[in-house]
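Asks: As input, take entry-v7.txt (compact mmCIF, C-alpha atoms):
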```
# COMPACT_ATOMS: atom_id res chain seq x y z
CA MET A 1 9.25 -23.36 -10.77
CA ASN A 2 5.71 -24.54 -10.12
CA GLY A 3 2.55 -22.38 -10.09
CA TRP A 4 2.78 -21.70 -6.35
CA SER A 5 6.17 -19.94 -6.74
CA PHE A 6 4.54 -17.35 -9.04
CA VAL A 7 1.55 -16.99 -6.69
CA VAL A 8 3.84 -16.40 -3.67
CA ALA A 9 5.94 -13.87 -5.63
CA ALA A 10 2.83 -11.94 -6.77
CA TYR A 11 1.34 -11.87 -3.25
CA ALA A 12 4.69 -10.78 -1.76
CA VAL A 13 4.92 -7.87 -4.23
CA ALA A 14 1.28 -6.79 -3.70
CA LEU A 15 1.34 -7.05 0.10
CA SER A 16 4.75 -5.44 0.59
CA ALA A 17 3.78 -2.52 -1.70
CA THR A 18 0.43 -2.03 0.08
CA VAL A 19 1.96 -2.24 3.58
CA GLY A 20 4.82 0.04 2.49
CA LEU A 21 2.33 2.61 1.16
CA LEU A 22 0.28 2.52 4.39
CA VAL A 23 3.37 2.79 6.65
CA TRP A 24 4.72 5.72 4.60
CA ALA A 25 1.33 7.50 4.60
CA TYR A 26 0.93 6.94 8.37
CA ALA A 27 4.50 8.06 9.19
CA SER A 28 4.23 11.22 7.07
CA MET A 29 0.84 12.03 8.62
CA ARG A 30 2.08 11.54 12.21
CA ARG A 31 5.22 13.59 11.53
CA ALA A 32 3.23 16.48 10.04
CA GLU A 33 0.48 16.42 12.69
CA VAL A 34 3.02 16.31 15.57
CA ALA A 35 4.92 19.26 14.03
CA ALA A 36 1.65 21.22 13.68
CA GLU A 37 0.68 20.43 17.30
CA GLU A 38 4.10 21.48 18.61
CA LEU A 39 3.95 24.75 16.73
CA LYS A 40 0.46 25.40 18.08
CA ARG A 41 1.69 24.85 21.66
CA LYS A 42 4.61 27.32 21.29
CA MET B 1 -19.12 18.76 -1.52
CA HIS B 2 -18.53 22.38 -0.45
CA ARG B 3 -19.48 21.38 3.10
CA PHE B 4 -15.97 19.91 3.30
CA ALA B 5 -14.23 22.99 1.86
CA ASN B 6 -13.42 23.88 5.45
CA PRO B 7 -10.34 21.79 6.44
CA ALA B 8 -11.46 21.64 10.10
CA ARG B 9 -14.80 20.11 9.09
CA PHE B 10 -13.05 17.73 6.70
CA LEU B 11 -10.60 16.63 9.41
CA LYS B 12 -13.43 15.98 11.85
CA LEU B 13 -14.76 13.40 9.39
CA ALA B 14 -11.39 12.16 8.08
CA ARG B 15 -9.93 11.17 11.48
CA PRO B 16 -12.52 8.48 12.35
CA ALA B 17 -12.89 7.51 8.66
CA THR B 18 -9.15 6.70 8.44
CA VAL B 19 -9.43 4.20 11.32
CA TRP B 20 -12.61 2.58 10.01
CA LEU B 21 -11.27 2.25 6.46
CA LEU B 22 -7.99 0.80 7.71
CA ALA B 23 -9.75 -1.75 9.95
CA ALA B 24 -12.28 -2.76 7.28
CA GLY B 25 -9.52 -2.95 4.65
CA VAL B 26 -7.29 -5.21 6.75
CA VAL B 27 -10.16 -7.58 7.67
CA LEU B 28 -11.66 -7.81 4.17
CA THR B 29 -8.29 -8.20 2.44
CA ALA B 30 -7.17 -10.88 4.93
CA ILE B 31 -10.41 -12.87 4.46
CA ALA B 32 -10.28 -12.55 0.67
CA LEU B 33 -6.61 -13.50 0.30
CA ALA B 34 -6.79 -16.35 2.82
CA GLY B 35 -9.92 -17.66 1.05
CA GLY B 36 -8.32 -17.21 -2.36
CA LEU B 37 -5.21 -19.13 -1.30
CA THR B 38 -6.88 -22.01 0.57
CA LEU B 39 -10.59 -22.36 -0.23
CA THR B 40 -10.81 -21.92 -4.01
CA PRO B 41 -9.97 -24.70 -6.46
CA PRO B 42 -7.16 -24.35 -9.04
CA ASP B 43 -8.29 -23.36 -12.54
CA TYR B 44 -8.53 -26.24 -15.04
CA LEU B 45 -6.24 -24.40 -17.49
CA GLN B 46 -4.09 -22.02 -15.42
CA GLY B 47 -3.75 -24.23 -12.34
CA GLU B 48 -2.67 -22.51 -9.12
CA THR B 49 -1.55 -19.28 -10.84
CA VAL B 50 -5.20 -18.19 -11.21
CA ARG B 51 -4.92 -17.10 -7.53
CA ILE B 52 -2.78 -14.14 -8.69
CA MET B 53 -6.11 -12.68 -9.87
CA TYR B 54 -7.04 -11.74 -6.26
CA VAL B 55 -4.18 -9.21 -6.05
CA HIS B 56 -3.73 -8.33 -9.73
CA VAL B 57 -7.33 -7.39 -10.61
CA PRO B 58 -7.94 -5.13 -7.55
CA ALA B 59 -4.58 -3.43 -8.23
CA ALA B 60 -5.64 -2.79 -11.85
CA TRP B 61 -9.04 -1.42 -10.77
CA LEU B 62 -7.43 0.83 -8.15
CA GLY B 63 -4.72 2.06 -10.52
CA MET B 64 -7.53 3.24 -12.83
CA ALA B 65 -9.83 4.40 -10.01
CA GLY B 66 -6.97 6.50 -8.63
CA TRP B 67 -6.68 8.43 -11.88
CA ALA B 68 -10.49 8.79 -12.05
CA GLY B 69 -10.19 10.35 -8.57
CA ILE B 70 -7.45 12.72 -9.78
CA ALA B 71 -9.63 13.71 -12.77
CA SER B 72 -12.62 14.37 -10.46
CA ALA B 73 -10.43 16.44 -8.12
CA SER B 74 -9.14 18.34 -11.17
CA VAL B 75 -12.72 19.21 -12.24
CA ALA B 76 -13.53 20.30 -8.67
CA GLN B 77 -10.44 22.50 -8.68
CA LEU B 78 -10.82 24.04 -12.14
CA VAL B 79 -14.60 24.52 -12.09
CA TRP B 80 -15.48 25.12 -8.43
CA ARG B 81 -12.02 26.09 -7.10
CA HIS B 82 -12.57 23.66 -4.22
CA PRO B 83 -9.77 24.34 -1.70
CA LEU B 84 -9.20 20.65 -0.92
CA ALA B 85 -9.20 19.46 -4.54
CA ALA B 86 -5.46 20.02 -5.16
CA VAL B 87 -4.69 18.39 -1.79
CA ALA B 88 -6.82 15.39 -2.79
CA GLY B 89 -5.11 15.10 -6.18
CA ARG B 90 -1.63 15.18 -4.63
CA ALA B 91 -2.72 12.63 -2.00
CA ILE B 92 -4.24 10.20 -4.51
CA ALA B 93 -1.31 10.23 -6.97
CA PRO B 94 1.32 8.18 -5.04
CA CYS B 95 -1.37 5.73 -3.88
CA GLY B 96 -2.70 5.20 -7.42
CA ALA B 97 0.86 4.94 -8.77
CA THR B 98 1.63 2.20 -6.22
CA PHE B 99 -1.36 0.12 -7.33
CA ALA B 100 -0.60 0.71 -11.03
CA ALA B 101 2.94 -0.58 -10.37
CA VAL B 102 1.59 -3.58 -8.43
CA CYS B 103 -0.75 -4.32 -11.35
CA LEU B 104 2.16 -4.24 -13.83
CA VAL B 105 4.49 -6.39 -11.72
CA THR B 106 1.88 -9.00 -10.68
CA GLY B 107 0.60 -9.10 -14.28
CA SER B 108 4.13 -9.80 -15.45
CA ILE B 109 4.51 -12.57 -12.84
CA TRP B 110 1.17 -14.03 -14.01
CA GLY B 111 2.18 -13.69 -17.67
CA ARG B 112 5.34 -15.81 -17.38
CA PRO B 113 3.64 -19.18 -16.62
CA THR B 114 0.45 -18.33 -18.59
CA TRP B 115 1.79 -16.76 -21.79
CA GLY B 116 5.43 -17.84 -21.55
CA THR B 117 6.71 -14.25 -21.39
CA TRP B 118 7.21 -11.60 -18.68
CA TRP B 119 6.23 -8.73 -20.99
CA GLU B 120 4.60 -8.11 -24.34
CA TRP B 121 3.86 -4.73 -26.00
CA ASP B 122 0.18 -5.59 -25.93
CA GLY B 123 -2.55 -2.88 -25.88
CA ARG B 124 -3.63 -3.49 -22.27
CA LEU B 125 -0.10 -3.81 -20.86
CA THR B 126 1.22 -0.79 -22.74
CA SER B 127 -1.72 1.49 -21.82
CA MET B 128 -1.34 0.45 -18.16
CA LEU B 129 2.40 1.26 -18.32
CA ILE B 130 1.48 4.67 -19.78
CA LEU B 131 -0.89 5.19 -16.81
CA PHE B 132 2.01 4.51 -14.43
CA PHE B 133 4.17 7.09 -16.28
CA LEU B 134 1.26 9.58 -16.18
CA TYR B 135 1.18 9.15 -12.40
CA LEU B 136 4.91 9.90 -12.19
CA GLY B 137 4.41 12.99 -14.38
CA TYR B 138 1.51 14.18 -12.21
CA ILE B 139 3.49 13.66 -8.98
CA GLY B 140 6.42 15.67 -10.39
CA LEU B 141 4.23 18.47 -11.78
CA ALA B 142 1.98 18.81 -8.71
CA GLY B 143 5.03 18.74 -6.40
CA ALA B 144 6.83 21.43 -8.42
CA GLU B 145 3.72 23.64 -8.49
CA LYS B 146 3.25 23.26 -4.73
CA GLU B 147 6.89 24.19 -4.12
CA ARG B 148 6.47 27.33 -6.25
CA GLY B 149 3.37 28.26 -4.24
CA GLY B 150 1.07 27.77 -7.23
CA GLU B 151 -2.57 26.69 -7.06
CA GLY B 152 -1.89 23.46 -8.93
CA ARG B 153 -3.89 24.40 -12.04
CA MET B 154 -1.33 22.90 -14.44
CA ALA B 155 -1.41 19.62 -12.53
CA ALA B 156 -5.23 19.73 -12.63
CA LEU B 157 -5.17 20.20 -16.42
CA PHE B 158 -2.69 17.33 -16.70
CA GLY B 159 -5.00 15.20 -14.54
CA LEU B 160 -7.94 15.91 -16.85
CA VAL B 161 -6.02 15.31 -20.09
CA GLY B 162 -4.53 12.09 -18.67
CA ALA B 163 -8.04 10.71 -18.07
CA ILE B 164 -8.23 10.02 -21.82
CA ASN B 165 -6.07 6.97 -21.07
CA LEU B 166 -8.79 5.37 -18.88
CA PRO B 167 -11.20 4.37 -21.71
CA ILE B 168 -8.15 3.33 -23.76
CA ILE B 169 -7.12 0.90 -21.00
CA HIS B 170 -10.69 -0.35 -20.61
CA TYR B 171 -11.35 -0.96 -24.31
CA SER B 172 -7.79 -2.00 -25.23
CA VAL B 173 -8.70 -5.70 -25.05
CA LEU B 174 -11.48 -5.11 -27.61
CA TRP B 175 -9.61 -2.72 -29.92
CA TRP B 176 -6.34 -4.67 -30.07
CA ARG B 177 -6.72 -8.41 -29.83
CA THR B 178 -3.27 -9.54 -28.79
CA LEU B 179 -2.08 -11.43 -25.73
CA HIS B 180 -4.16 -10.10 -22.82
CA GLN B 181 -7.45 -11.92 -22.32
CA GLY B 182 -10.73 -10.15 -23.07
CA GLN B 183 -13.12 -8.81 -20.46
CA SER B 184 -14.21 -11.64 -18.16
CA ILE B 185 -16.19 -9.61 -15.60
CA GLY B 186 -18.92 -7.24 -16.73
CA LEU B 187 -21.93 -5.48 -15.23
CA THR B 188 -24.24 -8.29 -16.31
CA GLY B 189 -22.16 -11.28 -15.26
CA SER B 190 -18.86 -13.09 -15.36
CA SER B 191 -17.32 -15.90 -17.38
CA ILE B 192 -15.37 -17.02 -14.27
CA ASP B 193 -16.92 -19.81 -12.20
CA ASN B 194 -18.34 -18.67 -8.83
CA SER B 195 -16.19 -21.17 -6.91
CA ILE B 196 -13.12 -19.18 -8.07
CA LEU B 197 -14.71 -15.74 -8.33
CA TRP B 198 -16.11 -15.14 -4.80
CA PRO B 199 -12.92 -13.79 -3.07
CA LEU B 200 -12.40 -11.22 -5.85
CA PRO B 201 -15.11 -8.66 -4.86
CA LEU B 202 -14.00 -9.02 -1.23
CA ALA B 203 -10.37 -8.37 -2.20
CA ALA B 204 -11.39 -5.41 -4.39
CA LEU B 205 -13.41 -3.90 -1.53
CA GLY B 206 -10.62 -4.56 0.99
CA PHE B 207 -7.89 -3.00 -1.14
CA THR B 208 -10.23 -0.06 -1.93
CA CYS B 209 -10.65 0.59 1.81
CA LEU B 210 -6.85 0.46 2.25
CA LEU B 211 -6.38 2.90 -0.65
CA GLY B 212 -9.02 5.18 0.92
CA ALA B 213 -7.20 5.07 4.27
CA ALA B 214 -3.84 5.86 2.62
CA VAL B 215 -5.38 8.80 0.69
CA LEU B 216 -6.97 10.23 3.86
CA MET B 217 -3.67 9.90 5.75
CA ARG B 218 -1.83 11.71 2.92
CA MET B 219 -4.48 14.46 2.87
CA ARG B 220 -4.15 14.89 6.65
CA ALA B 221 -0.35 15.10 6.24
CA GLU B 222 -0.70 17.75 3.50
CA LEU B 223 -3.11 19.83 5.60
CA ALA B 224 -0.86 19.64 8.67
CA GLU B 225 2.19 20.60 6.57
CA ALA B 226 0.27 23.58 5.14
CA LYS B 227 -0.67 24.65 8.68
CA VAL B 228 3.00 24.52 9.79
CA GLU B 229 4.10 26.45 6.71
CA ALA B 230 1.46 29.15 7.23
CA ARG B 231 2.40 29.58 10.91
CA MET B 232 6.12 29.79 10.09
CA ARG B 233 5.43 32.35 7.37
CA ARG B 234 3.33 34.40 9.80
CA ALA B 235 6.09 34.17 12.45
CA ALA B 236 8.72 35.29 9.93
CA ALA B 237 6.58 38.26 8.88
CA GLU B 238 6.06 39.47 12.50
```
I need this file expressed as structure tokens, please.
Replies:
Amino acid sequence: MNGWSFVVAAYAVALSATVGLLVWAYASMRRAEVAAEELKRK
Amino acid sequence: MHRFANPARFLKLARPATVWLLAAGVVLTAIALAGGLTLTPPDYLQGETVRIMYVHVPAAWLGMAGWAGIASASVAQLVWRHPLAAVAGRAIAPCGATFAAVCLVTGSIWGRPTWGTWWEWDGRLTSMLILFFLYLGYIGLAGAEKERGGEGRMAALFGLVGAINLPIIHYSVLWWRTLHQGQSIGLTGSSIDNSILWPLPLAALGFTCLLGAAVLMRMRAELAEAKVEARMRRAAAE
């Protein structure tokens, strides 16, 4: 393995973890805010 | 700080701030990582693997900054009983834990070609691993307290006590001289050449904005969940 293989692996880990965190935070926020809005409307 | 004790006032600020932080984070991180991959020269000793620095170092800073945020929220909760402090602590914890994990994994990937090993029980590596376990402990404790309807005081105490690990991580490279390199960036300057260094502050700022956006989204989720729970409890009581 050359140096680039390690660089690509490190970037893949960092970016997938960051994107995963943001998607999870956004999805949980949307789910909770939609549930709160629906309850308010009832 | 008490201006934002009212969740409605906090949300009024948090909604636009989430979008701005997310946009700034994506742009800054993209510029920094693209620049770090294509515009900087390889290091004379480490070669191409020096580019791992642009994801590893911000992750390390944010792993530590996350716990500093938890400790500050703990003080706000224990001293001033700030109503959003426990929410902030619970929101920061998974985000900080993610960056602590990224720091450990990318450090390990960097260590293999540089030191010839994936892992060593070195002072810096071990104290960072302890920080990751502290995050897991905090997440478990804060979640259990929330489920029991507690105020989160135990989690706040845990957050304060755990902050003792932050100076240990910082000074570990001075106290125990093992495998991890010493401090190369300080307040007065850096031992890294500017041609390699310039994307690093951009990456740190970009990832910080993304962490800020994730924390605000988690706080908004917690506040909305609390609103639903309160309404359902009121409906059940009627």
Asks: Would you compute the distance between CA of Gly123 (chain B) and CA of Ser172 (chain B)? Give it in Å to one decimal.
Replies: 5.4 Å
Asks: For Thr18 (chain A), find every residue with an atom within 9 Å (counting all atoms listed in the file), except residues of its own chain fewer than 3 positions away, and show them as a list in words.
Replies: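 My reading of the contact set: Val13, Ala14, Leu15, Leu21, Leu22 and Val23 of chain A; Cys95, Thr98, Phe99, Val102, Phe207, Leu210 and Leu211 of chain B.
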Asks: Can you tell me which residues surround Leu136 (chain B) at a distance of at most 9 Å, considering only C-alpha atoms, apart from same-chain residues fewer than 5 positions away, and format the answer as a PyMOL selection string?
Replies: chain B and resi 93-94+97+131+141
Asks: Hey, list the chain B side of the contact with chain A: 6 Å cut-off, all atoms listed in the file, answer as a list in words.
Replies: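 Taken together, these residues fit the definition: Glu48, Thr49, Ile52, Val102, Thr106, Ala214, Met217, Arg218, Ala221, Ala224, Glu225 and Val228 of chain B.
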Asks: What is the CA of Leu216 (chain B)-CA of Leu22 (chain B) distance in Å, reported with one decimal?
Replies: 10.2 Å
Asks: May I have the residues within 12 Å of Ile139 (chain B) as a ChimeraX atom specification, using all atoms listed in the file and disregarding those fewer than 6 positions away in the same chain?
Replies: /B:67,70,86-87,89-98,132-133,145-146,152,154-156,158-159
Asks: CA of Thr126 (chain B) and CA of Cys103 (chain B), how far apart in Å?
Replies: 12.1 Å
Asks: Can you tell me which residues surround Asp193 (chain B) at a distance of at most 12 Å, considering all atoms listed in the file, apart from same-chain residues fewer than 3 positions away, and format the answer as a PyMOL selection string?
Replies: chain B and resi 40-44+50+184-185+189-190+196-200
Asks: B:Met64, B:Ile168, B:Lys227, B:Leu205: which is nearest Leu21 (chain B), counting only C-alpha atoms?
Replies: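 With only C-alpha atoms as the atom set, the closest residue is B:Leu205.
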